[in-house]
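Beneath this line is the structure, given in structure tokens, with notes to follow.
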2 protein chains.
Amino acid sequence: MTETTDDTGRMGRRGLLGTTAGAAALAGIAAGAGSMALASGALAQAQRAAPAPTPRGGQSAEVKPGDLDEYYGFSSSGQSGEIRIIGLPSSRELMRIPVFNRCSATGWGLTNESKKVLTEGLLPATKEFLRKRSGGQSAGDTLDYHNGDAHHPHMSFTDGTYDGRYLWINDKANCRIARIRCDVMKTDKIIEIPNASDIHGLRPQKFPRTGYVFANSEHVIPIPNDGTVLDDPKNYWSVFTAVDGDKMEVAWQVLVDGNLDNCDADYQGKYAFSTCYNPNKGVTVAEMTDHEQAWAVIFDIAAIEDAVKRGDFKEMGGVKVVNGRQGSKYTRYLPVPNSPHGCNTAPDGIHVVIAGKLSPTVTVIDVRKIPDLFADKIKPRDIVVAEPELGLGPLHTAFDGRGNAYTTVFIDSQMVKWNIDKARRAFAGEKVDPIMQKLDVHYQPGHDHTSMGETKEADGKWLISLNKFSKDRFLNTGVLKPENDQLIDISGDKMILVHDGPSFAEPHDICIVHSSKVNPISVWKRDDRSWEDARQQAAKDGVKLEEAANVIRDGNKVRVYMTSIAPTDSLDKFEVNEGDEVTVTVTNMDDVEDLTHGFTMVRHGIAMEIGPQQTSSITFTADRPGVHWWYCQWFCHALHMEMSGRMLVHPKRV
Amino acid sequence: MTETTDDTGRMGRRGLLGTTAGAAALAGIAAGAGSMALASGALAQAQRAAPAPTPRGGQSAEVKPGDLDEYYGFSSSGQSGEIRIIGLPSSRELMRIPVFNRCSATGWGLTNESKKVLTEGLLPATKEFLRKRSGGQSAGDTLDYHNGDAHHPHMSFTDGTYDGRYLWINDKANCRIARIRCDVMKTDKIIEIPNASDIHGLRPQKFPRTGYVFANSEHVIPIPNDGTVLDDPKNYWSVFTAVDGDKMEVAWQVLVDGNLDNCDADYQGKYAFSTCYNPNKGVTVAEMTDHEQAWAVIFDIAAIEDAVKRGDFKEMGGVKVVNGRQGSKYTRYLPVPNSPHGCNTAPDGIHVVIAGKLSPTVTVIDVRKIPDLFADKIKPRDIVVAEPELGLGPLHTAFDGRGNAYTTVFIDSQMVKWNIDKARRAFAGEKVDPIMQKLDVHYQPGHDHTSMGETKEADGKWLISLNKFSKDRFLNTGVLKPENDQLIDISGDKMILVHDGPSFAEPHDICIVHSSKVNPISVWKRDDRSWEDARQQAAKDGVKLEEAANVIRDGNKVRVYMTSIAPTDSLDKFEVNEGDEVTVTVTNMDDVEDLTHGFTMVRHGIAMEIGPQQTSSITFTADRPGVHWWYCQWFCHALHMEMSGRMLVHPKRV
């Protein structure tokens with residue numbers, strides 16, 4: 001085995017660690033899977049890039065104080081359940097957007113506005129489950145899961161490129177899809193997907209616009225999953241879902257065979273693609289991997305829409321489900337080596353790259369051949385135009401818009417740069433090596449993404465490698481280590497590693513959007529729909545939110561309305577009785593950019609964010625007699641410490 | 001008013017914005033407070049540093065890929081409720097430690113181990129309140145506040161410097177103090193403080209060791225706060241609390257007059273200091289600020305301990321409360337301009353700096369004079385040795401160990417470097433200007449901290465300014481903007497701004513610890529006390545956690561024990577009945593650094609982290625009949641996707 005150095009001139013990972021880690025991982029796979037593909041794949045481990053010539057490129061990750069980043073990175077946080085806005089190239093986290101998590105700072109999961117987003121799109125059975133769990137007795141609790149597993153954040157498209165309207169992201173853990181408004185960078189809709197075990201891959205339609213948001217159900221389950229079918233895997237299914245991204249409701253689903261993994265859409269608005277492992281519906285690791293081939297499933301969008309129109313569907317779990325199992329006219333199953341993982345459409349509009357995972361190869365298809373496939377003029381494998389061997393554990397591929405692809409290889413811990421055209425020529429028999437460079441990353445990369453790389457405007461400047469392990473790359477943080485999001489300059493001939501970015505569990509995927517595509521506002525508009533319920537309730541109570549200083553009693557419900565202008569709230573106290581259900585509605589009448597206020601009620605677990613010109617509300621039961629201070633928890637003014645007031649709770653007469 | 005440039009040579013903030021922001025803030029204060037001190041303070045606004053000569057210093061914030069940071073920054077997250085580990089000088093967030101928040105990734109607030117930490121130290125009345133709120137019916141819910149407001153993180157001391165044992169941090173919102181174990185970087189104890197409205201300032205004893213953790217109660221309330229006293233502020237009180245940091249229980253409290261704000265301890269183990277605003281117990285902003293002077297309260301530790309020993313205390317809320325009101329022999333009230341805020345002990349062991357907030361001054365006291373003060377040989381103001389005028393809104397002060405101090409001035413948005421000795425000489429009448437430099441920061445700084453600056457080993461290399469507003473310094477993230485943690489090189493004669501660090505709401509305070517002081521482990525020890533309850537339950541069930549693959553039924557309780565070794569769990573399925581209370585206990589038997597596993601139960605809101613060699617457990621009610629997959633949500637292996645299993649829930653017979 002060759003010793004390698006990385007491009008910073010240091011001794012490479014293998015030089016430091018030997019091959020123990022790689023070999024152990026390989027042994028683990030072989031034991032679990034016994035895939036033949038791995039044997040040939042081992043050869044790839046000997047391939048290493050030649051020492052780099054003087055690199056071009058030379059971009060720096062440094063952004064000097066006061067300068068702005070060029071790109072937004074919208075990063076999922078994996079099991080942290082949020083979206084993070086990263087500035088690139090500086091790799092600084094600019095903001096967190098609470099989505100499937102609870103957020104102590106903003107009150108996400110506590111405010112009435114966020115509870116509505118978190119609750120209204122849940123399925124009835126889930127609402128019932130959560131109601132049972134919470135006891136359903138108190139205004140202070142939330143019918144919400146409290147956690148999520150946010151995987152794939154992607155922006156809305158118009159004509160093959162980002163349009164700055166929305167982001168969508170899936171929750172693998174609790175089968176949800178969320179939409180984030182990019183004007184205010186807040187989550188505005190969350191829906192739960194029926195008939196699915198877990199929602200994994202997610203991608204928006206690229207053309208003519210989004211439109212559909214495609215989502216994969218991964219594990220197979222009975223439909224309906226009501227206990228009628230239990231330990232009978234042959235009656236388990238998965239579904240491919242098209243969500244109407246404008247209405248945020250399920251448009252249709254397609255029943256398929258096997259576990260759907262990742263997906264992507266084409267640039268023509270005709271097809272969607274999903275990788276599919278576990279074709280035999282195994283329920284153990286051994287059963288899931290005990291075969292040579294699995295599939296990429298291709299969905300014919302227009303044909304499925306037509307089926308829905310014609311009534312060729314079955315109503316299941318309240319949605320229209322079209323049969324897309326093998327043999328269906330709405331789908332085609334492309335055999336690829338087991339178990340495929342990543343699925344990435346190239347900016348050339350022509351190629352889709354399916355990563356091999358257990359095979360050291362990626363499979364490249366040419367979308368121009370797909371109409372003939374659906375017309376049964378050619379066989380599925382006839383659409384394959386390249387299948388280069390890249391290294392051990394290829395997972396995901398990104399593109400530079402110059403004809404090159406960048407594939408993460410998990411077991412080898414490398415980023416492999418290869419040329420699509422050369423791979424086609426090699427597949428056609430020409431003696432040409434498509435691999436241009438392999439760069440060590442640290443360690444075990446999953447998703448990768450390039451700047452604007454999932455659009456037709458891929459600009460080939462930056463590549464980010466989202467590595468699952470960091471091990472020795474940062475100061476020791478105890479047993480739990482950060483992931484490592486590494487930034488790579490791809491503007492020159494050679495990839496150059498420029499930054500190690502530690503990140504909390506676990507930035508699963510990212511999309512990198514040029515800052516010109518995104519134009520958020522800095523002060524809320526008073527007519528924003530987010531607080532429509534509060535607006536309507538205030539109207540019923542005869543209260544003008546913008547001038548409010550009111551306490552409305554309605555039986556044992558008390559509605560407290562106030563405004564905030566630094567450093568005071570319009571009320572400095574209010575009085576309630578023990579056991580009252582109290583709703584506090586605060587309108588921030590400061591209209592200065594960045595002048596957020598907060599409302600925290602001491603020893604009540606109550607806190608919320610109120611941005612400039614925003615209205616936020618929160619409901620709780622006043623079960624603690626006595627004097628309770630609230631205070632502004634968002635530093636707003638030199639007299640911030642003094643911005644507080646008292647809730648006086650009269651005890652119940654005994 | 002002089003135009004200024006900052007040290008990067010750019011046009012300064014005032015050049016860009018004019019003085020609108022500063023003037024508006026000033027007007028706001030004047031309207032609310034009418035403090036005379038401000039009038040003279042306005043003069044300070046004209047003071048600006050002369051153009052910098054060629055700076056020395058020249059440290060870079062850049063840490064190249066693979067290199068390590070030199071310092072740990074343990075940053076509170078304000079209302080986000082967590083602690084963040086920041087690498088310095090790179091300013092990268094290395095890790096989040098869940099404390100008072102819920103964490104979707106790690107299952108903090110969901111696992112039995114974390115629920116115990118979050119619950120067992122709560123006061124009985126709080127447990128009852130939370131039990132009512134949750135309905136108290138289901139195993140899936142947590143008697144926890146879900147939020148917190150984490151302000152002041154500080155490490156344990158031995159002999160005046162960090163010893164790497166623990167961190168402590170306060171929750172202002174819900175009156176709690178948490179301890180974090182620095183060997184594993186996890187929260188191990190949280191206690192709620194009685195008799196307090198909200199816990200604000202917190203500092204550990206520096207000498208001979210921690211020992212006590214001192215904590216300030218801010219807002220005044222009746223004691224007991226049971227509704228007997230309501231709108232009667234003259235019967236409101238605040239308390240100064242000493243927590244035994246080893247036992248994590250309240251050692252004693254001291255009753256004081258006014259709102260306690262920030263605190264610090266001396267280097268002799270004799271005294272603690274708290275700033276104190278609102279001396280007249282006002283309940284509105286106007287009442288809180290309508291006076292010329294407030295106090296710094298000095299606590300005589302040995303005298304208080306002796307009072308406790310002698311029985312000179314009152315038992316209140318289950319703890320011993322010593323009377324430290326004005327006139328008490330246990331305290332002294334030092335008059336300072338209203339309303340003081342920061343309170344910082346200098347590494348010289350001699351000086352304590354009280355920041356003026358509404359006064360443009362800071363008040364410097366000499367701890368060597370305090371014995372004479374307690375002996376009534378001198379008057380309180382006789383311990384003041386300097387009171388330099390620094391600018392508008394001085395909040396906090398840090399030190400470089402070379403005799404210089406760095407004070408944030410909030411309204412001026414500046415960092416002021418000044419010399420303690422010169423300030424003493426000026427106070428003594430000498431014509432000398434203690435101010436050495438003013439540096440624009442962006443914008444509105446709160447806490448600041450220097451590397452090792454709160455210890456006797458202050459090394460004068462780095463200064464961080466935690467700014468509350470960022471406005472235009474980063475790509476627009478919508479209405480909510482990040483804060484801005486700016487890194488300043490102080491190794492030379494001049495402060496040089498080297499990095500803008502965006503951060504999520506709101507890194508309130510930080511301590512900067514040299515990496516040599518901290519030595520976490522990377523793999524859990526199997527005898528760790530964190531999962532003692534699971535260990536004992538397993539023993540009762542005859543299960544060996546390290547080899548477990550068991551399902552124990554105990555009435556309608558089902559205990560599922562499994563181990564994880566990538567890429568499989570020791571069970572691939574288990575069966576329960578609808579309505580069973582299920583406890584899943586997973587032991588990660590991988591012993592490879594960074595090989596964390598997870599356990600997520602789909603559509604159940606159930607997720608947890610299991611680090612290498614850790615045992616974690618989680619309890620929920622199996623209320624959903626059908627097939628439910630669990631999966632490992634922590635990417636662990638090339639076959640990570642396949643690491644899953646099924647819970648089969650048999651429906652109730654109707």
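Chains: A, B, ... in order of the structure tokens. Residues: from 1 per chain. Ligands: from 1, in order shown.
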Would you please give, as a ChimeraX atom specification, all residues of range 119-247 of chain A that DSSP assigns to alpha helix (DSSP H) based on the backbone?
/A:119-120,124-134
For chain A, work out the contacting residues on chain B at 6 Å, counting only C-alpha atoms, and write them as a PDB file with N, CA and C atoms, in the first residue's frame.
```pdb
ATOM      1  N   PRO B  65      -6.242  23.233   8.569  1.00  0.00           N
ATOM      2  CA  PRO B  65      -6.823  21.891   8.646  1.00  0.00           C
ATOM      3  C   PRO B  65      -5.868  20.914   9.329  1.00  0.00           C
ATOM      4  N   GLY B  66      -6.374  20.255  10.331  1.00  0.00           N
ATOM      5  CA  GLY B  66      -5.575  19.272  11.046  1.00  0.00           C
ATOM      6  C   GLY B  66      -4.863  19.822  12.266  1.00  0.00           C
ATOM      7  N   LEU B  68      -4.712  22.018  15.824  1.00  0.00           N
ATOM      8  CA  LEU B  68      -5.665  22.156  16.923  1.00  0.00           C
ATOM      9  C   LEU B  68      -5.668  23.580  17.459  1.00  0.00           C
ATOM     10  N   GLN B  79     -30.345  32.192  26.190  1.00  0.00           N
ATOM     11  CA  GLN B  79     -31.666  31.575  26.206  1.00  0.00           C
ATOM     12  C   GLN B  79     -31.748  30.288  25.388  1.00  0.00           C
ATOM     13  N   SER B  80     -30.662  29.900  24.706  1.00  0.00           N
ATOM     14  CA  SER B  80     -30.658  28.578  24.065  1.00  0.00           C
ATOM     15  C   SER B  80     -30.507  27.467  25.096  1.00  0.00           C
ATOM     16  N   LEU B  94     -17.070  23.631  18.625  1.00  0.00           N
ATOM     17  CA  LEU B  94     -16.624  22.236  18.598  1.00  0.00           C
ATOM     18  C   LEU B  94     -17.698  21.280  19.085  1.00  0.00           C
ATOM     19  N   MET B  95     -18.529  21.729  19.994  1.00  0.00           N
ATOM     20  CA  MET B  95     -19.509  20.817  20.596  1.00  0.00           C
ATOM     21  C   MET B  95     -20.591  21.624  21.310  1.00  0.00           C
ATOM     22  N   ASN B 101     -31.836  22.849  28.037  1.00  0.00           N
ATOM     23  CA  ASN B 101     -32.665  22.732  26.827  1.00  0.00           C
ATOM     24  C   ASN B 101     -33.059  21.275  26.593  1.00  0.00           C
ATOM     25  N   SER B 104     -32.642  17.220  20.536  1.00  0.00           N
ATOM     26  CA  SER B 104     -33.172  16.192  19.649  1.00  0.00           C
ATOM     27  C   SER B 104     -32.119  15.142  19.324  1.00  0.00           C
ATOM     28  N   ALA B 105     -30.862  15.566  19.207  1.00  0.00           N
ATOM     29  CA  ALA B 105     -29.812  14.649  18.767  1.00  0.00           C
ATOM     30  C   ALA B 105     -29.448  13.635  19.842  1.00  0.00           C
ATOM     31  N   ARG B 133     -48.780  20.033  34.793  1.00  0.00           N
ATOM     32  CA  ARG B 133     -48.698  20.470  33.410  1.00  0.00           C
ATOM     33  C   ARG B 133     -48.656  19.286  32.446  1.00  0.00           C
ATOM     34  N   SER B 134     -47.920  18.257  32.832  1.00  0.00           N
ATOM     35  CA  SER B 134     -47.734  17.156  31.893  1.00  0.00           C
ATOM     36  C   SER B 134     -48.905  16.197  31.912  1.00  0.00           C
ATOM     37  N   GLY B 135     -49.796  16.342  32.876  1.00  0.00           N
ATOM     38  CA  GLY B 135     -50.835  15.349  33.022  1.00  0.00           C
ATOM     39  C   GLY B 135     -50.352  14.171  33.851  1.00  0.00           C
ATOM     40  N   GLN B 137     -49.294  11.305  33.205  1.00  0.00           N
ATOM     41  CA  GLN B 137     -49.899  10.016  32.905  1.00  0.00           C
ATOM     42  C   GLN B 137     -48.983   9.048  32.196  1.00  0.00           C
ATOM     43  N   SER B 138     -48.014   9.588  31.492  1.00  0.00           N
ATOM     44  CA  SER B 138     -47.328   8.735  30.545  1.00  0.00           C
ATOM     45  C   SER B 138     -45.838   8.707  30.789  1.00  0.00           C
ATOM     46  N   TYR B 145     -38.669  21.646  32.412  1.00  0.00           N
ATOM     47  CA  TYR B 145     -39.175  22.906  31.903  1.00  0.00           C
ATOM     48  C   TYR B 145     -39.080  23.045  30.374  1.00  0.00           C
ATOM     49  N   ASN B 147     -36.992  24.515  28.710  1.00  0.00           N
ATOM     50  CA  ASN B 147     -36.200  25.690  28.309  1.00  0.00           C
ATOM     51  C   ASN B 147     -35.361  26.178  29.479  1.00  0.00           C
ATOM     52  N   ALA B 173     -33.891  31.678  33.858  1.00  0.00           N
ATOM     53  CA  ALA B 173     -35.333  31.539  33.652  1.00  0.00           C
ATOM     54  C   ALA B 173     -36.004  30.708  34.731  1.00  0.00           C
ATOM     55  N   ASN B 174     -35.383  29.602  35.093  1.00  0.00           N
ATOM     56  CA  ASN B 174     -36.059  28.682  35.992  1.00  0.00           C
ATOM     57  C   ASN B 174     -35.241  28.377  37.247  1.00  0.00           C
ATOM     58  N   VAL B 184     -16.214  13.992  30.723  1.00  0.00           N
ATOM     59  CA  VAL B 184     -17.030  13.495  29.613  1.00  0.00           C
ATOM     60  C   VAL B 184     -17.793  14.627  28.904  1.00  0.00           C
ATOM     61  N   MET B 185     -17.713  15.829  29.460  1.00  0.00           N
ATOM     62  CA  MET B 185     -18.396  16.993  28.895  1.00  0.00           C
ATOM     63  C   MET B 185     -19.918  16.775  28.820  1.00  0.00           C
ATOM     64  N   ASN B 225     -42.879  32.524  48.632  1.00  0.00           N
ATOM     65  CA  ASN B 225     -43.627  33.125  47.523  1.00  0.00           C
ATOM     66  C   ASN B 225     -44.859  32.271  47.231  1.00  0.00           C
ATOM     67  N   ASP B 226     -45.812  32.300  48.167  1.00  0.00           N
ATOM     68  CA  ASP B 226     -46.956  31.386  48.074  1.00  0.00           C
ATOM     69  C   ASP B 226     -48.274  32.116  47.877  1.00  0.00           C
ATOM     70  N   GLY B 227     -48.202  33.427  47.596  1.00  0.00           N
ATOM     71  CA  GLY B 227     -49.421  34.173  47.365  1.00  0.00           C
ATOM     72  C   GLY B 227     -49.893  34.939  48.591  1.00  0.00           C
ATOM     73  N   LEU B 230     -48.556  39.706  47.886  1.00  0.00           N
ATOM     74  CA  LEU B 230     -48.593  39.869  46.427  1.00  0.00           C
ATOM     75  C   LEU B 230     -48.051  41.246  46.030  1.00  0.00           C
ATOM     76  N   VAL B 285     -39.528  50.151  35.420  1.00  0.00           N
ATOM     77  CA  VAL B 285     -38.228  50.645  34.964  1.00  0.00           C
ATOM     78  C   VAL B 285     -37.936  52.003  35.597  1.00  0.00           C
ATOM     79  N   LYS B 471     -26.329  43.138  13.178  1.00  0.00           N
ATOM     80  CA  LYS B 471     -26.846  44.000  12.111  1.00  0.00           C
ATOM     81  C   LYS B 471     -26.313  43.619  10.732  1.00  0.00           C
ATOM     82  N   ARG B 473     -23.195  42.756   9.753  1.00  0.00           N
ATOM     83  CA  ARG B 473     -21.870  42.114   9.709  1.00  0.00           C
ATOM     84  C   ARG B 473     -21.875  40.750   9.044  1.00  0.00           C
ATOM     85  N   PHE B 474     -23.049  40.194   8.784  1.00  0.00           N
ATOM     86  CA  PHE B 474     -23.116  38.863   8.169  1.00  0.00           C
ATOM     87  C   PHE B 474     -24.175  38.849   7.087  1.00  0.00           C
ATOM     88  N   LEU B 475     -24.141  37.839   6.245  1.00  0.00           N
ATOM     89  CA  LEU B 475     -25.232  37.647   5.290  1.00  0.00           C
ATOM     90  C   LEU B 475     -26.550  37.712   6.045  1.00  0.00           C
ATOM     91  N   GLY B 478     -32.541  36.862   7.750  1.00  0.00           N
ATOM     92  CA  GLY B 478     -33.950  37.116   8.060  1.00  0.00           C
ATOM     93  C   GLY B 478     -34.062  38.033   9.253  1.00  0.00           C
ATOM     94  N   VAL B 479     -35.244  38.020   9.885  1.00  0.00           N
ATOM     95  CA  VAL B 479     -35.483  38.979  10.964  1.00  0.00           C
ATOM     96  C   VAL B 479     -34.554  38.708  12.156  1.00  0.00           C
ATOM     97  N   LYS B 481     -31.203  37.968  13.658  1.00  0.00           N
ATOM     98  CA  LYS B 481     -29.784  38.052  13.296  1.00  0.00           C
ATOM     99  C   LYS B 481     -28.952  37.310  14.339  1.00  0.00           C
ATOM    100  N   HIS B 499     -11.434  38.584  14.078  1.00  0.00           N
ATOM    101  CA  HIS B 499     -12.458  37.647  13.604  1.00  0.00           C
ATOM    102  C   HIS B 499     -13.840  38.061  14.078  1.00  0.00           C
ATOM    103  N   ASP B 500     -14.808  37.978  13.165  1.00  0.00           N
ATOM    104  CA  ASP B 500     -16.224  38.131  13.512  1.00  0.00           C
ATOM    105  C   ASP B 500     -16.843  36.738  13.636  1.00  0.00           C
ATOM    106  N   PRO B 502     -20.232  34.818  14.199  1.00  0.00           N
ATOM    107  CA  PRO B 502     -21.683  34.835  14.383  1.00  0.00           C
ATOM    108  C   PRO B 502     -22.099  33.730  15.348  1.00  0.00           C
ATOM    109  N   PHE B 504     -25.617  31.933  17.678  1.00  0.00           N
ATOM    110  CA  PHE B 504     -27.068  31.846  17.854  1.00  0.00           C
ATOM    111  C   PHE B 504     -27.437  32.302  19.262  1.00  0.00           C
ATOM    112  N   PRO B 520     -10.460  15.446  28.689  1.00  0.00           N
ATOM    113  CA  PRO B 520     -11.618  14.541  28.633  1.00  0.00           C
ATOM    114  C   PRO B 520     -11.206  13.148  28.151  1.00  0.00           C
ATOM    115  N   ILE B 521     -12.046  12.172  28.485  1.00  0.00           N
ATOM    116  CA  ILE B 521     -11.849  10.830  27.955  1.00  0.00           C
ATOM    117  C   ILE B 521     -12.606  10.700  26.639  1.00  0.00           C
ATOM    118  N   SER B 522     -12.283   9.691  25.847  1.00  0.00           N
ATOM    119  CA  SER B 522     -12.908   9.518  24.533  1.00  0.00           C
ATOM    120  C   SER B 522     -13.825   8.305  24.461  1.00  0.00           C
ATOM    121  N   VAL B 523     -13.714   7.433  25.426  1.00  0.00           N
ATOM    122  CA  VAL B 523     -14.578   6.246  25.486  1.00  0.00           C
ATOM    123  C   VAL B 523     -15.084   6.151  26.928  1.00  0.00           C
ATOM    124  N   ASP B 594     -15.057   7.902  18.913  1.00  0.00           N
ATOM    125  CA  ASP B 594     -15.934   8.605  17.966  1.00  0.00           C
ATOM    126  C   ASP B 594     -16.998   7.691  17.363  1.00  0.00           C
ATOM    127  N   VAL B 602     -39.164   5.057  15.140  1.00  0.00           N
ATOM    128  CA  VAL B 602     -39.911   5.846  14.163  1.00  0.00           C
ATOM    129  C   VAL B 602     -41.338   6.152  14.644  1.00  0.00           C
ATOM    130  N   ARG B 603     -41.794   7.359  14.362  1.00  0.00           N
ATOM    131  CA  ARG B 603     -43.128   7.851  14.733  1.00  0.00           C
ATOM    132  C   ARG B 603     -43.444   7.696  16.214  1.00  0.00           C
ATOM    133  N   GLY B 605     -41.263   9.674  18.497  1.00  0.00           N
ATOM    134  CA  GLY B 605     -40.604  10.778  19.189  1.00  0.00           C
ATOM    135  C   GLY B 605     -39.518  10.304  20.139  1.00  0.00           C
ATOM    136  N   PRO B 625     -50.307   0.294  17.588  1.00  0.00           N
ATOM    137  CA  PRO B 625     -50.186  -1.068  17.072  1.00  0.00           C
ATOM    138  C   PRO B 625     -49.542  -1.063  15.697  1.00  0.00           C
ATOM    139  N   GLY B 626     -48.835  -2.158  15.369  1.00  0.00           N
ATOM    140  CA  GLY B 626     -48.231  -2.250  14.044  1.00  0.00           C
ATOM    141  C   GLY B 626     -46.742  -2.514  14.098  1.00  0.00           C
ATOM    142  N   VAL B 627     -46.109  -2.323  12.946  1.00  0.00           N
ATOM    143  CA  VAL B 627     -44.673  -2.563  12.777  1.00  0.00           C
ATOM    144  C   VAL B 627     -43.948  -1.224  12.835  1.00  0.00           C
ATOM    145  N   GLU B 642     -28.488   0.112   7.146  1.00  0.00           N
ATOM    146  CA  GLU B 642     -29.103  -1.180   7.414  1.00  0.00           C
ATOM    147  C   GLU B 642     -29.193  -1.476   8.912  1.00  0.00           C
ATOM    148  N   HIS B 650     -48.546  -5.671  19.114  1.00  0.00           N
ATOM    149  CA  HIS B 650     -49.816  -6.392  18.942  1.00  0.00           C
ATOM    150  C   HIS B 650     -50.971  -5.513  19.398  1.00  0.00           C
ATOM    151  N   PRO B 651     -51.994  -5.381  18.558  1.00  0.00           N
ATOM    152  CA  PRO B 651     -53.114  -4.513  18.937  1.00  0.00           C
ATOM    153  C   PRO B 651     -53.898  -5.101  20.110  1.00  0.00           C
TER     154      PRO B 651
END
```
Excluding range 374-380 of chain B and any residue of its chain fewer than 2 positions from it, enumerate the residues within 8 Å of it, using only C-alpha atoms, and give them as a ChimeraX atom specification.
/B:329,331-335,370-372,382-384
Record the distance separating CA of Ala215 in chain B and CA of Ser114 in chain B, expressed in Å with one decimal.
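Distance between the two atoms: 23.7 Å.
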Within 9 Å of Asp266 in chain B, counting only C-alpha atoms, which residues qualify if same-chain residues fewer than 2 places away don't, as a count of residues only?
18
